[in-house]
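Structure file data.csv (CSV, C-alpha atoms) follows.
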chain,number,residue,atom,x,y,z
A,1,MET,CA,62.3,24.2,-110.7
A,2,ALA,CA,61.0,27.7,-111.4
A,3,ASN,CA,59.4,28.1,-114.8
A,4,THR,CA,58.2,31.1,-117.0
A,5,LEU,CA,55.5,31.0,-119.6
A,6,ILE,CA,55.4,33.5,-122.4
A,7,LYS,CA,51.8,33.5,-123.8
A,8,ASN,CA,49.9,35.2,-126.6
A,9,ILE,CA,53.0,35.3,-128.9
A,10,GLY,CA,52.0,36.8,-132.3
A,11,SER,CA,54.7,34.8,-134.0
A,12,LEU,CA,57.5,32.7,-132.4
A,13,SER,CA,60.3,33.0,-134.9
A,14,GLY,CA,63.7,31.5,-135.4
A,15,ILE,CA,62.7,27.9,-134.6
A,16,GLN,CA,65.3,25.2,-135.4
A,17,THR,CA,65.4,21.6,-134.6
A,18,LYS,CA,68.5,19.5,-133.9
A,19,PRO,CA,71.0,19.0,-135.4
A,20,HIS,CA,71.7,22.7,-135.6
A,21,SER,CA,72.6,24.0,-139.0
A,22,PHE,CA,74.8,26.9,-140.1
A,23,LEU,CA,72.6,28.4,-142.8
A,24,LYS,CA,73.9,28.9,-146.3
A,25,GLY,CA,72.6,30.3,-149.6
A,26,GLU,CA,68.9,29.9,-150.0
A,27,ALA,CA,68.4,28.3,-146.6
A,28,LEU,CA,69.2,31.8,-145.0
A,29,SER,CA,65.9,33.1,-146.3
A,30,HIS,CA,63.9,30.7,-144.2
A,31,LEU,CA,63.0,31.7,-140.7
A,32,SER,CA,60.7,29.1,-139.2
A,33,GLN,CA,57.7,30.5,-137.3
A,34,ILE,CA,54.7,29.4,-135.3
A,35,ASN,CA,51.9,32.0,-135.2
A,36,ASP,CA,49.7,32.4,-132.1
A,37,ALA,CA,52.2,30.6,-129.9
A,38,TYR,CA,53.5,30.1,-126.4
A,39,LEU,CA,57.0,29.3,-125.0
A,40,LEU,CA,57.8,27.7,-121.7
A,41,CYS,CA,61.2,28.3,-120.0
A,42,GLU,CA,62.3,26.0,-117.2
A,43,ASN,CA,65.7,25.9,-115.4
A,44,GLU,CA,67.1,28.7,-117.6
A,45,ARG,CA,66.3,26.8,-120.8
A,46,ILE,CA,63.6,26.5,-123.4
A,47,LYS,CA,61.4,23.6,-122.1
A,48,ASP,CA,58.6,23.6,-124.7
A,49,PHE,CA,56.7,25.8,-127.2
A,50,GLY,CA,53.8,25.4,-129.7
A,51,GLN,CA,50.3,26.7,-130.5
A,52,MET,CA,48.7,28.9,-127.9
A,53,SER,CA,45.8,26.5,-127.7
A,54,ASN,CA,48.2,23.9,-126.2
A,55,ALA,CA,49.8,26.2,-123.7
A,56,PRO,CA,50.1,25.2,-120.0
A,57,LYS,CA,47.4,26.8,-117.8
A,58,THR,CA,49.8,27.8,-115.0
A,59,ALA,CA,53.4,28.7,-114.4
A,60,ASP,CA,55.5,30.4,-111.7
A,61,THR,CA,55.8,33.5,-113.9
A,62,ILE,CA,53.6,34.4,-116.8
A,63,ILE,CA,54.6,37.0,-119.4
A,64,ASP,CA,51.9,38.2,-121.8
A,65,ALA,CA,53.6,39.0,-125.2
A,66,LYS,CA,50.4,40.7,-126.3
A,67,GLY,CA,50.8,39.7,-129.9
A,68,GLY,CA,54.5,40.6,-130.2
A,69,TYR,CA,57.1,38.5,-131.8
A,70,VAL,CA,59.5,36.3,-129.8
A,71,LEU,CA,63.0,35.8,-131.2
A,72,PRO,CA,66.3,34.3,-130.1
A,73,SER,CA,68.6,37.0,-128.8
A,74,TRP,CA,71.2,38.5,-131.1
A,75,CYS,CA,74.6,36.7,-131.1
A,76,ASP,CA,77.1,39.5,-131.9
A,77,SER,CA,80.4,37.8,-132.8
A,78,HIS,CA,82.7,40.8,-133.5
A,79,THR,CA,83.0,43.8,-131.0
A,80,HIS,CA,85.6,45.9,-129.4
A,81,ILE,CA,83.6,47.3,-126.4
A,82,VAL,CA,86.6,47.5,-124.0
A,83,PHE,CA,88.1,50.9,-124.8
A,84,ALA,CA,89.1,54.1,-123.1
A,85,THR,CA,86.9,56.8,-124.6
A,86,SER,CA,85.1,58.0,-127.7
A,87,ARG,CA,86.9,59.4,-130.8
A,88,GLU,CA,84.4,61.9,-132.2
A,89,GLU,CA,87.2,64.3,-133.1
A,90,GLU,CA,88.2,61.8,-135.8
A,91,PHE,CA,84.5,61.7,-136.9
A,92,VAL,CA,84.7,65.5,-137.5
A,93,ALA,CA,88.1,65.2,-139.3
A,94,ARG,CA,86.5,62.7,-141.7
A,95,ILE,CA,83.6,65.0,-142.3
A,96,LYS,CA,86.2,67.6,-143.3
A,97,GLY,CA,87.8,65.3,-145.8
A,98,LYS,CA,90.4,63.2,-144.0
A,99,SER,CA,90.4,59.5,-144.8
A,100,TYR,CA,90.6,56.7,-142.2
A,101,GLU,CA,94.1,55.9,-143.4
A,102,GLU,CA,95.3,59.5,-143.2
A,103,ILE,CA,93.9,59.8,-139.6
A,104,ALA,CA,95.7,56.6,-138.7
A,105,GLU,CA,99.0,57.7,-140.3
A,106,ALA,CA,98.8,60.9,-138.2
A,107,GLY,CA,98.7,59.0,-134.9
A,108,GLY,CA,94.9,58.7,-134.8
A,109,GLY,CA,92.8,55.6,-135.1
A,110,ILE,CA,93.8,52.5,-133.2
A,111,LEU,CA,97.0,54.2,-132.0
A,112,ASN,CA,95.0,57.0,-130.5
A,113,SER,CA,92.8,54.5,-128.7
A,114,ALA,CA,95.9,52.7,-127.4
A,115,LYS,CA,97.4,55.9,-126.1
A,116,LYS,CA,94.2,56.7,-124.1
A,117,LEU,CA,93.7,53.2,-122.8
A,118,ASN,CA,97.3,52.9,-121.5
A,119,LYS,CA,96.4,55.7,-119.0
A,120,LEU,CA,93.4,54.0,-117.5
A,121,THR,CA,93.2,51.4,-114.7
A,122,GLU,CA,91.6,48.0,-115.1
A,123,ASP,CA,88.7,49.2,-112.9
A,124,GLU,CA,88.0,52.2,-115.0
A,125,LEU,CA,88.0,50.1,-118.2
A,126,TYR,CA,85.7,47.5,-116.5
A,127,GLU,CA,83.2,50.2,-115.4
A,128,SER,CA,82.9,51.8,-118.9
A,129,ALA,CA,82.8,48.4,-120.7
A,130,SER,CA,80.1,47.2,-118.3
A,131,LYS,CA,77.9,50.2,-119.2
A,132,ARG,CA,78.3,49.4,-122.9
A,133,LEU,CA,77.5,45.7,-122.3
A,134,ASN,CA,74.4,46.5,-120.4
A,135,GLU,CA,73.4,48.8,-123.2
A,136,VAL,CA,73.7,46.2,-126.0
A,137,MET,CA,71.9,43.6,-123.9
A,138,ARG,CA,68.9,46.0,-123.6
A,139,PHE,CA,69.0,46.2,-127.4
A,140,GLY,CA,68.6,42.4,-127.5
A,141,THR,CA,72.2,41.0,-127.6
A,142,GLY,CA,72.3,37.7,-125.6
A,143,ALA,CA,75.8,36.5,-126.6
A,144,ILE,CA,78.9,38.5,-127.5
A,145,GLU,CA,82.6,38.4,-128.5
A,146,ILE,CA,85.0,41.1,-127.3
A,147,LYS,CA,88.5,41.8,-128.6
A,148,SER,CA,91.5,43.3,-127.0
A,149,GLY,CA,93.8,45.4,-129.4
A,150,TYR,CA,93.7,48.9,-127.9
A,151,GLY,CA,96.7,48.2,-125.6
A,152,LEU,CA,99.5,47.3,-128.0
A,153,THR,CA,101.9,46.7,-125.0
A,154,VAL,CA,102.2,43.6,-122.9
A,155,GLU,CA,100.8,45.3,-119.8
A,156,SER,CA,97.8,46.9,-121.6
A,157,GLU,CA,96.8,44.0,-123.8
A,158,ILE,CA,96.8,41.8,-120.7
A,159,LYS,CA,94.9,44.5,-118.8
A,160,MET,CA,92.2,44.5,-121.5
A,161,LEU,CA,91.9,40.7,-121.5
A,162,ARG,CA,91.6,40.7,-117.7
A,163,VAL,CA,88.7,43.2,-118.0
A,164,ILE,CA,87.0,40.8,-120.5
A,165,LYS,CA,87.5,37.9,-118.1
A,166,ARG,CA,85.8,40.0,-115.3
A,167,LEU,CA,82.9,40.7,-117.7
A,168,LYS,CA,82.6,36.9,-118.3
A,169,SER,CA,82.4,36.3,-114.6
A,170,ASN,CA,79.9,39.0,-113.8
A,171,PHE,CA,77.4,38.9,-116.7
A,172,GLU,CA,74.9,36.2,-117.4
A,173,ILE,CA,75.4,36.0,-121.1
A,174,PRO,CA,78.2,34.1,-122.9
A,175,ILE,CA,81.2,36.2,-123.7
A,176,LYS,CA,84.0,35.1,-126.0
A,177,ALA,CA,87.5,36.8,-125.6
A,178,THR,CA,89.7,37.4,-128.5
A,179,PHE,CA,93.4,38.5,-128.3
A,180,LEU,CA,94.0,41.2,-130.9
A,181,GLY,CA,97.5,42.4,-130.0
A,182,ALA,CA,98.2,42.5,-133.8
A,183,HIS,CA,95.7,45.3,-134.3
A,184,ALA,CA,98.3,47.8,-135.4
A,185,ILE,CA,102.1,48.4,-135.3
A,186,PRO,CA,102.9,50.7,-132.4
A,187,THR,CA,104.8,53.9,-133.2
A,188,ASP,CA,107.9,52.7,-131.3
A,189,TYR,CA,108.1,49.6,-133.6
A,190,LYS,CA,107.4,51.4,-136.9
A,191,ASN,CA,110.9,50.7,-138.2
A,192,ASN,CA,111.2,47.2,-136.7
A,193,ARG,CA,107.9,45.4,-137.2
A,194,GLN,CA,109.3,42.0,-136.4
A,195,ASP,CA,110.3,43.1,-132.9
A,196,TYR,CA,106.7,43.9,-132.1
A,197,ILE,CA,105.6,40.6,-133.6
A,198,ASP,CA,108.1,38.8,-131.4
A,199,LEU,CA,106.7,40.7,-128.4
A,200,ILE,CA,103.3,39.3,-129.2
A,201,ILE,CA,104.6,35.8,-129.7
A,202,HIS,CA,107.1,35.5,-126.9
A,203,GLU,CA,105.8,37.8,-124.2
A,204,MET,CA,102.0,38.2,-124.6
A,205,LEU,CA,100.9,34.8,-125.7
A,206,PRO,CA,102.6,32.8,-122.9
A,207,VAL,CA,100.8,34.9,-120.3
A,208,ILE,CA,97.5,34.8,-122.1
A,209,ALA,CA,97.7,31.0,-122.3
A,210,ARG,CA,98.9,30.6,-118.7
A,211,ASP,CA,96.0,32.7,-117.3
A,212,GLN,CA,93.4,31.5,-119.8
A,213,LEU,CA,92.6,35.0,-120.9
A,214,ALA,CA,91.4,34.4,-124.5
A,215,ASP,CA,89.5,32.0,-126.6
A,216,TYR,CA,90.7,33.3,-130.0
A,217,ILE,CA,93.5,35.1,-131.7
A,218,ASP,CA,93.0,37.9,-134.2
A,219,VAL,CA,95.2,39.8,-136.7
A,220,PHE,CA,94.3,42.9,-138.7
A,221,CYS,CA,95.5,41.6,-142.1
A,222,ASP,CA,95.1,44.6,-144.4
A,223,LYS,CA,96.7,47.4,-146.3
A,224,GLY,CA,98.8,49.5,-143.9
A,225,PHE,CA,98.5,47.0,-141.0
A,226,PHE,CA,99.8,43.4,-141.0
A,227,THR,CA,101.0,41.5,-144.1
A,228,VAL,CA,99.9,38.0,-145.1
A,229,GLU,CA,103.3,36.6,-144.0
A,230,GLU,CA,103.1,38.4,-140.7
A,231,THR,CA,99.5,37.2,-140.2
A,232,ASP,CA,100.5,33.6,-140.9
A,233,GLN,CA,103.3,33.8,-138.4
A,234,ILE,CA,101.1,35.2,-135.6
A,235,LEU,CA,98.2,32.8,-136.2
A,236,LYS,CA,100.5,29.8,-136.1
A,237,ALA,CA,102.0,31.0,-132.9
A,238,GLY,CA,98.5,31.5,-131.4
A,239,ALA,CA,97.5,28.0,-132.5
A,240,SER,CA,100.5,26.6,-130.6
A,241,PHE,CA,99.1,28.2,-127.5
A,242,GLY,CA,95.6,26.8,-128.2
A,243,LEU,CA,94.0,29.9,-129.6
A,244,LYS,CA,91.8,29.6,-132.7
A,245,PRO,CA,92.0,32.3,-135.4
A,246,LYS,CA,89.2,34.9,-136.0
A,247,ILE,CA,90.8,37.6,-138.2
A,248,HIS,CA,90.1,41.0,-139.7
A,249,ALA,CA,90.5,40.7,-143.5
A,250,ASN,CA,90.0,42.7,-146.6
A,251,GLU,CA,88.5,45.9,-145.1
A,252,LEU,CA,90.6,48.4,-146.9
A,253,ALA,CA,92.1,46.3,-149.7
A,254,ASN,CA,92.0,42.8,-151.2
A,255,SER,CA,94.8,41.9,-148.9
A,256,GLY,CA,95.0,38.1,-149.1
A,257,GLY,CA,93.6,38.0,-145.6
A,258,VAL,CA,90.7,35.6,-146.6
A,259,GLN,CA,93.2,33.0,-148.0
A,260,VAL,CA,95.6,33.1,-145.0
A,261,GLY,CA,92.6,32.8,-142.7
A,262,ILE,CA,91.3,29.8,-144.5
A,263,ALA,CA,94.8,28.2,-144.6
A,264,ASN,CA,95.0,28.5,-140.8
A,265,ASN,CA,91.5,27.1,-140.3
A,266,ALA,CA,90.1,30.4,-139.0
A,267,VAL,CA,86.7,30.2,-137.4
A,268,SER,CA,85.8,33.3,-139.2
A,269,VAL,CA,87.2,36.0,-141.5
A,270,ASP,CA,85.6,39.4,-140.7
A,271,HIS,CA,84.9,42.6,-142.7
A,272,LEU,CA,85.3,41.5,-146.3
A,273,GLU,CA,84.4,44.8,-147.8
A,274,GLN,CA,87.0,44.1,-150.6
A,275,ILE,CA,86.6,40.6,-152.0
A,276,GLU,CA,86.3,39.1,-155.4
A,277,GLU,CA,85.5,35.8,-157.0
A,278,ALA,CA,88.7,34.1,-155.8
A,279,GLU,CA,87.8,34.8,-152.2
A,280,ILE,CA,84.2,33.7,-152.6
A,281,GLU,CA,85.3,30.4,-154.2
A,282,ALA,CA,87.9,29.9,-151.4
A,283,LEU,CA,85.2,30.4,-148.7
A,284,LYS,CA,82.8,28.0,-150.5
A,285,ASN,CA,85.4,25.3,-150.2
A,286,SER,CA,86.2,25.9,-146.5
A,287,GLN,CA,84.6,25.8,-143.0
A,288,THR,CA,85.6,29.4,-142.3
A,289,ILE,CA,82.6,31.7,-141.7
A,290,PRO,CA,82.5,35.1,-143.6
A,291,THR,CA,81.4,37.7,-141.1
A,292,LEU,CA,80.2,41.1,-142.5
A,293,LEU,CA,80.1,44.4,-140.6
A,294,PRO,CA,77.8,46.8,-142.4
A,295,SER,CA,77.8,49.4,-139.6
A,296,CYS,CA,81.5,49.9,-140.3
A,297,SER,CA,80.8,50.6,-144.0
A,298,TYR,CA,78.1,53.0,-143.0
A,299,PHE,CA,80.2,55.0,-140.5
A,300,LEU,CA,83.4,55.1,-142.6
A,301,ASN,CA,81.6,55.6,-145.9
A,302,ILE,CA,83.4,52.7,-147.5
A,303,PRO,CA,82.0,50.0,-149.7
A,304,TYR,CA,79.7,47.3,-148.3
A,305,ALA,CA,80.7,43.7,-148.5
A,306,PRO,CA,78.9,42.0,-151.4
A,307,ALA,CA,76.5,40.0,-149.2
A,308,ARG,CA,73.9,39.5,-151.9
A,309,LYS,CA,76.4,38.0,-154.3
A,310,MET,CA,77.9,35.8,-151.6
A,311,ILE,CA,74.5,34.3,-150.6
A,312,ASP,CA,73.4,33.9,-154.2
A,313,GLN,CA,76.5,31.9,-154.8
A,314,GLY,CA,75.7,29.6,-151.9
A,315,LEU,CA,77.7,31.0,-149.1
A,316,GLY,CA,76.5,31.4,-145.5
A,317,ILE,CA,77.2,34.7,-143.9
A,318,CYS,CA,77.2,36.1,-140.3
A,319,LEU,CA,76.5,39.7,-139.4
A,320,ALA,CA,78.1,41.5,-136.4
A,321,THR,CA,78.2,45.1,-135.1
A,322,ASP,CA,82.0,45.7,-134.8
A,323,TYR,CA,81.1,48.1,-131.9
A,324,ASN,CA,84.2,50.2,-131.4
A,325,PRO,CA,85.1,53.9,-130.9
A,326,GLY,CA,86.7,54.5,-134.3
A,327,SER,CA,84.7,52.9,-137.0
A,328,THR,CA,81.4,51.7,-135.5
A,329,PRO,CA,80.4,53.5,-132.2
A,330,SER,CA,77.2,51.5,-131.9
A,331,GLY,CA,76.1,48.0,-130.9
A,332,LYS,CA,72.5,48.4,-131.8
A,333,VAL,CA,71.6,45.4,-133.8
A,334,PRO,CA,68.1,46.5,-135.0
A,335,PHE,CA,69.9,49.4,-136.9
A,336,LEU,CA,72.4,46.9,-138.2
A,337,LEU,CA,69.5,44.9,-139.7
A,338,SER,CA,68.3,47.9,-141.5
A,339,LEU,CA,71.7,48.5,-143.0
A,340,ALA,CA,72.0,44.9,-144.1
A,341,CYS,CA,68.6,45.0,-145.8
A,342,LEU,CA,69.0,48.4,-147.4
A,343,LYS,CA,72.7,48.5,-148.4
A,344,MET,CA,73.5,44.8,-148.8
A,345,LYS,CA,70.0,43.7,-150.2
A,346,LEU,CA,69.4,41.0,-147.6
A,347,THR,CA,65.9,40.1,-146.8
A,348,PRO,CA,64.8,40.6,-143.2
A,349,GLU,CA,64.8,36.8,-142.7
A,350,GLU,CA,68.4,36.5,-144.0
A,351,ALA,CA,69.6,39.3,-141.8
A,352,ILE,CA,68.0,37.9,-138.7
A,353,ASN,CA,69.4,34.4,-139.3
A,354,ALA,CA,72.8,35.9,-139.9
A,355,ILE,CA,73.0,37.4,-136.4
A,356,THR,CA,71.2,34.7,-134.5
A,357,ILE,CA,72.0,31.1,-135.5
A,358,ASN,CA,74.9,32.0,-137.8
A,359,GLY,CA,76.3,34.4,-135.2
A,360,ALA,CA,76.2,31.6,-132.7
A,361,PHE,CA,78.2,29.4,-135.0
A,362,ALA,CA,80.8,32.2,-135.4
A,363,MET,CA,81.3,32.0,-131.6
A,364,GLU,CA,81.0,28.2,-131.5
A,365,ILE,CA,78.0,28.3,-129.1
A,366,GLN,CA,75.3,27.0,-131.4
A,367,GLU,CA,74.5,24.1,-129.1
A,368,ASP,CA,73.0,26.5,-126.6
A,369,TYR,CA,72.2,29.8,-128.4
A,370,GLY,CA,71.0,31.3,-131.6
A,371,SER,CA,67.6,29.7,-132.2
A,372,ILE,CA,64.3,28.7,-130.6
A,373,THR,CA,65.1,25.1,-129.8
A,374,LYS,CA,64.1,22.9,-126.9
A,375,GLY,CA,66.9,22.6,-124.5
A,376,LYS,CA,68.7,25.8,-125.5
A,377,ILE,CA,69.3,28.6,-123.1
A,378,ALA,CA,66.3,31.0,-122.9
A,379,ASN,CA,67.9,34.2,-124.0
A,380,LEU,CA,65.0,35.8,-125.8
A,381,ILE,CA,63.6,39.0,-127.3
A,382,ILE,CA,60.0,40.0,-127.1
A,383,THR,CA,59.0,42.8,-129.5
A,384,LYS,CA,56.0,45.1,-129.6
A,385,PRO,CA,53.1,43.9,-131.7
A,386,MET,CA,53.8,44.4,-135.4
A,387,LYS,CA,52.5,43.1,-138.8
A,388,SER,CA,55.7,41.3,-139.8
A,389,LEU,CA,59.4,41.0,-138.9
A,390,ALA,CA,60.2,43.4,-141.8
A,391,PHE,CA,58.9,46.2,-139.6
A,392,ILE,CA,62.1,46.0,-137.5
A,393,PRO,CA,64.5,47.0,-140.3
A,394,TYR,CA,61.8,49.1,-142.0
A,395,ALA,CA,61.1,51.4,-139.0
A,396,PHE,CA,64.8,51.9,-138.3
A,397,GLY,CA,64.3,54.8,-135.9
A,398,SER,CA,61.9,53.1,-133.6
A,399,ASP,CA,62.6,50.9,-130.5
A,400,HIS,CA,60.8,47.6,-131.2
A,401,ILE,CA,62.0,45.6,-128.3
A,402,CYS,CA,59.7,45.6,-125.2
A,403,ARG,CA,61.4,42.9,-123.2
A,404,VAL,CA,64.7,40.9,-123.1
A,405,LEU,CA,65.0,37.6,-121.2
A,406,ILE,CA,68.3,36.2,-120.1
A,407,LYS,CA,68.2,32.6,-118.9
A,408,GLY,CA,64.5,32.7,-118.9
A,409,LYS,CA,64.3,35.7,-116.6
A,410,SER,CA,63.5,39.4,-117.4
A,411,PHE,CA,66.6,41.4,-117.9
A,412,PHE,CA,65.0,44.5,-119.5
A,413,GLU,CA,61.5,45.7,-119.8
A,414,ALA,CA,60.6,48.9,-121.7
A,415,SER,CA,58.7,51.4,-119.7
Re-express the file's structure as structure tokens.
Amino acid sequence: MANTLIKNIGSLSGIQTKPHSFLKGEALSHLSQINDAYLLCENERIKDFGQMSNAPKTADTIIDAKGGYVLPSWCDSHTHIVFATSREEEFVARIKGKSYEEIAEAGGGILNSAKKLNKLTEDELYESASKRLNEVMRFGTGAIEIKSGYGLTVESEIKMLRVIKRLKSNFEIPIKATFLGAHAIPTDYKNNRQDYIDLIIHEMLPVIARDQLADYIDVFCDKGFFTVEETDQILKAGASFGLKPKIHANELANSGGVQVGIANNAVSVDHLEQIEEAEIEALKNSQTIPTLLPSCSYFLNIPYAPARKMIDQGLGICLATDYNPGSTPSGKVPFLLSLACLKMKLTPEEAINAITINGAFAMEIQEDYGSITKGKIANLIITKPMKSLAFIPYAFGSDHICRVLIKGKSFFEAS
């Protein structure tokens, strides 16, 4: 049994004992730490940790943290990293005054990505997605969810999910797959929306279930996309095939997406830039996780979800990157932390908890990931030496991570 010792840790942060807890309200501000610490990995898992004075004297591999922080890796529960190509032309159009909705109505946005993706082979999509996945892992991501939704045909949606399944097989981190065929109404179905919904229910879902291509089902329940009634129909159909809901809700308007998600026992409702007291109260009385995506607000220049208000009223939140070509072309979590702190008024501790242990809960992998806990998989981040964790969101232009461990072994080391 090979083991790895990380010694001279300035602060071991994100410690949680069993039973694992989804952090809500005031509890989000507590990030348990041990200063001057060590951590021992054995058989891909965290074997032990504690004060450096009690560290083992020998190990098969010894890593000197040199006073840096050690954290659990980021758990990014909302991404779209399988896509054809970038959309910087829409970025320029928005600079010149076009809104996200206007670009979508003109055939841009999601429909633009779908048009480009339909032309690519599965191998081409896999190659580009692999590069993005390797990139975010170097930024410290050690668990990720990936959605389809840029196909919008039976063939292309299945193609995307097969790519995600290949990523699952070939990468060492946990990957959750979400079927998002209800991302937009294709142009050919603009005048008969129900025909496209029937295509999702009767042609896509049976194949996805048969080939075990997805863990979750998603719907973009928002202004200009899918209605509450359509969302409810699709989520119930997904549930009949064993897929749990994780939906897009209330990005562009107060759409009723939060309530329909809760009514269908959604694992999470994501975005929530447009919510009011009724939605907060509904979430407080549910098990559904509110997942916030500040990078999307930054890039589209739309309001930020009211994270401070949500936490102060006792909710737990999750943060995720929403990495995609149209509204968030970045999976860099350290920058996400800066946005959460500056624009949503989260403390650094709240932001880190929201994308570690709470992110793990949003992917239902909290038993093995998301915290420094004996027995959990040793997906870890080692930072450069710094005075406090606040330096990560504070110095937003710097690279703070000097090493990433996946299953107790070095995956990335900064030069």
*Atomic separation - CA of Tyr38 (chain A) relative to CA of Val404 (chain A), Å*: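 Value for the CA of Val404 (chain A)-CA of Tyr38 (chain A) distance: 15.9 Å.
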*When distances are computed from all atoms listed in the file, which of A:Ser388, A:Ile381, A:Phe299, A:Ser128 shows the smallest separation from Phe91 (chain A)?*
A:Phe299
*When distances are computed from all atoms listed in the file, which of A:Ile234, A:Leu199, A:Leu120, A:Leu39 shows the smallest separation from Ile372 (chain A)?*
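Ranked by minimum distance to Ile372 (chain A), first place goes to A:Leu39.
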*Suppose you want the space between CA of Glu367 (chain A) and CA of Cys341 (chain A); what is it in Å?*
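Straight-line distance from CA of Glu367 (chain A) to CA of Cys341 (chain A) works out to 27.4 Å.
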*Would you mind reading off the distance between CA of Ala395 (chain A) and CA of Met344 (chain A), one decimal, in Å?*
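Computing the Euclidean distance for CA of Ala395 (chain A) and CA of Met344 (chain A) yields 17.1 Å.
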_Here is a test: counting all atoms listed in the file, which residue of A:Lys24, A:Arg193, A:Lys7, A:Lys18 is nearest to Ile289 (chain A)?_
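Of all the options, A:Lys24 lies closest to Ile289 (chain A).
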*Which one of A:Ile401, A:Ala84, A:Arg138, A:Phe171 sits closest to Met386 (chain A) if you count only C-alpha atoms?*
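Residue with the minimum atom-to-atom distance to Met386 (chain A): A:Ile401.
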*Got a sec to check which residues sit within 10 Å of (75.3, 35.2, -123.1), counting only C-alpha atoms, and write them as JSON, numbers by chain?*
{"A": [73, 74, 75, 76, 137, 141, 142, 143, 144, 145, 168, 171, 172, 173, 174, 175, 176, 365, 368, 369, 377, 378, 379, 406, 407]}
*Between A:Ser130, A:Asn112, A:Ser295, A:Thr178, which one has atoms that come closest to Ile247 (chain A), using only C-alpha atoms?*
A:Thr178
At a cut-off of 10 Å, using all atoms listed in the file, what residues contact Val267 (chain A)? Leave out same-chain residues fewer than 2 positions from it and give the result as a JSON list (two decimals) with C-alpha atoms, in the frame of the given file.
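Okay, selection-v7.json is ready:
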[["chain", "number", "residue", "atom", "x", "y", "z"],
["A", 216, "TYR", "CA", 90.70, 33.30, -130.00],
["A", 244, "LYS", "CA", 91.80, 29.60, -132.70],
["A", 245, "PRO", "CA", 92.00, 32.30, -135.40],
["A", 246, "LYS", "CA", 89.20, 34.90, -136.00],
["A", 247, "ILE", "CA", 90.80, 37.60, -138.20],
["A", 261, "GLY", "CA", 92.60, 32.80, -142.70],
["A", 262, "ILE", "CA", 91.30, 29.80, -144.50],
["A", 264, "ASN", "CA", 95.00, 28.50, -140.80],
["A", 265, "ASN", "CA", 91.50, 27.10, -140.30],
["A", 269, "VAL", "CA", 87.20, 36.00, -141.50],
["A", 270, "ASP", "CA", 85.60, 39.40, -140.70],
["A", 287, "GLN", "CA", 84.60, 25.80, -143.00],
["A", 288, "THR", "CA", 85.60, 29.40, -142.30],
["A", 289, "ILE", "CA", 82.60, 31.70, -141.70],
["A", 290, "PRO", "CA", 82.50, 35.10, -143.60],
["A", 291, "THR", "CA", 81.40, 37.70, -141.10],
["A", 361, "PHE", "CA", 78.20, 29.40, -135.00],
["A", 362, "ALA", "CA", 80.80, 32.20, -135.40],
["A", 363, "MET", "CA", 81.30, 32.00, -131.60],
["A", 364, "GLU", "CA", 81.00, 28.20, -131.50]]
_Who sits within 8 Å of region 219-232 of chain A, only C-alpha atoms, same chain under 3 positions skipped, as a PyMOL selection string_ = chain A and resi 101+180-185+197+235-236+246-257+260+264
*Can you pull out every residue within 8 Å of Ile275 (chain A), counting only C-alpha atoms, but drop anything in the same chain fewer than 2 positions away, and send it as a PyMOL selection string?*
chain A and resi 250+254+272-273+277-280+305-306
Contacts between region 312-330 of chain A and region 92-162 of chain A, please, where a residue of region 92-162 of chain A counts if it comes within 12 Å (with all atoms listed in the file); show its shortest atom pair and distance in Å to one decimal, rows by chain and ascending number, as a Markdown table.
| residue | atom | partner | partner_atom | distance |
| --- | --- | --- | --- | --- |
| A:Val92 | CA | A:Gly326 | CA | 11.6 |
| A:Ala93 | CA | A:Gly326 | CA | 11.9 |
| A:Arg94 | CA | A:Ser327 | CA | 11.0 |
| A:Ser99 | CA | A:Ser327 | CA | 11.7 |
| A:Tyr100 | CA | A:Ser327 | CA | 8.7 |
| A:Glu101 | CA | A:Ser327 | CA | 11.8 |
| A:Ile103 | CA | A:Gly326 | CA | 10.4 |
| A:Ala104 | CA | A:Gly326 | CA | 10.2 |
| A:Gly108 | CA | A:Gly326 | CA | 9.2 |
| A:Gly109 | CA | A:Gly326 | CA | 6.2 |
| A:Ile110 | CA | A:Gly326 | CA | 7.5 |
| A:Leu111 | CA | A:Gly326 | CA | 10.6 |
| A:Asn112 | CA | A:Gly326 | CA | 9.5 |
| A:Ser113 | CA | A:Pro325 | CA | 8.0 |
| A:Ala114 | CA | A:Pro325 | CA | 11.4 |
| A:Lys116 | CA | A:Pro325 | CA | 11.7 |
| A:Leu117 | CA | A:Pro325 | CA | 11.8 |
| A:Ala129 | CA | A:Asn324 | CA | 10.9 |
| A:Arg132 | CA | A:Ser330 | CA | 9.3 |
| A:Leu133 | CA | A:Tyr323 | CA | 10.5 |
| A:Glu135 | CA | A:Ser330 | CA | 9.9 |
| A:Val136 | CA | A:Ser330 | CA | 8.7 |
| A:Phe139 | CA | A:Ser330 | CA | 10.8 |
| A:Thr141 | CA | A:Thr321 | CA | 10.4 |
| A:Ala143 | CA | A:Ala320 | CA | 11.2 |
| A:Ile144 | CA | A:Ala320 | CA | 9.4 |
| A:Glu145 | CA | A:Ala320 | CA | 9.6 |
| A:Ile146 | CA | A:Tyr323 | CA | 9.2 |
| A:Lys147 | CA | A:Asp322 | CA | 9.8 |
| A:Ser148 | CA | A:Asn324 | CA | 11.0 |
| A:Gly149 | CA | A:Asn324 | CA | 10.9 |
| A:Tyr150 | CA | A:Asn324 | CA | 10.2 |
Taking all atoms listed in the file into account, produce a table as CSV in which each residue of region 63-127 of chain A with an atom at most 12 Å from an atom of region 43-52 of chain A appears once, together with its shortest atom pair and the distance in Å to one decimal, ordered by chain and rising number.
residue,atom,partner,partner_atom,distance
A:Asp64,CA,A:Met52,CA,11.6
A:Ala65,CA,A:Met52,CA,11.5
A:Gly67,CA,A:Met52,CA,11.2
A:Val70,CA,A:Phe49,CA,11.2
A:Pro72,CA,A:Ile46,CA,10.6
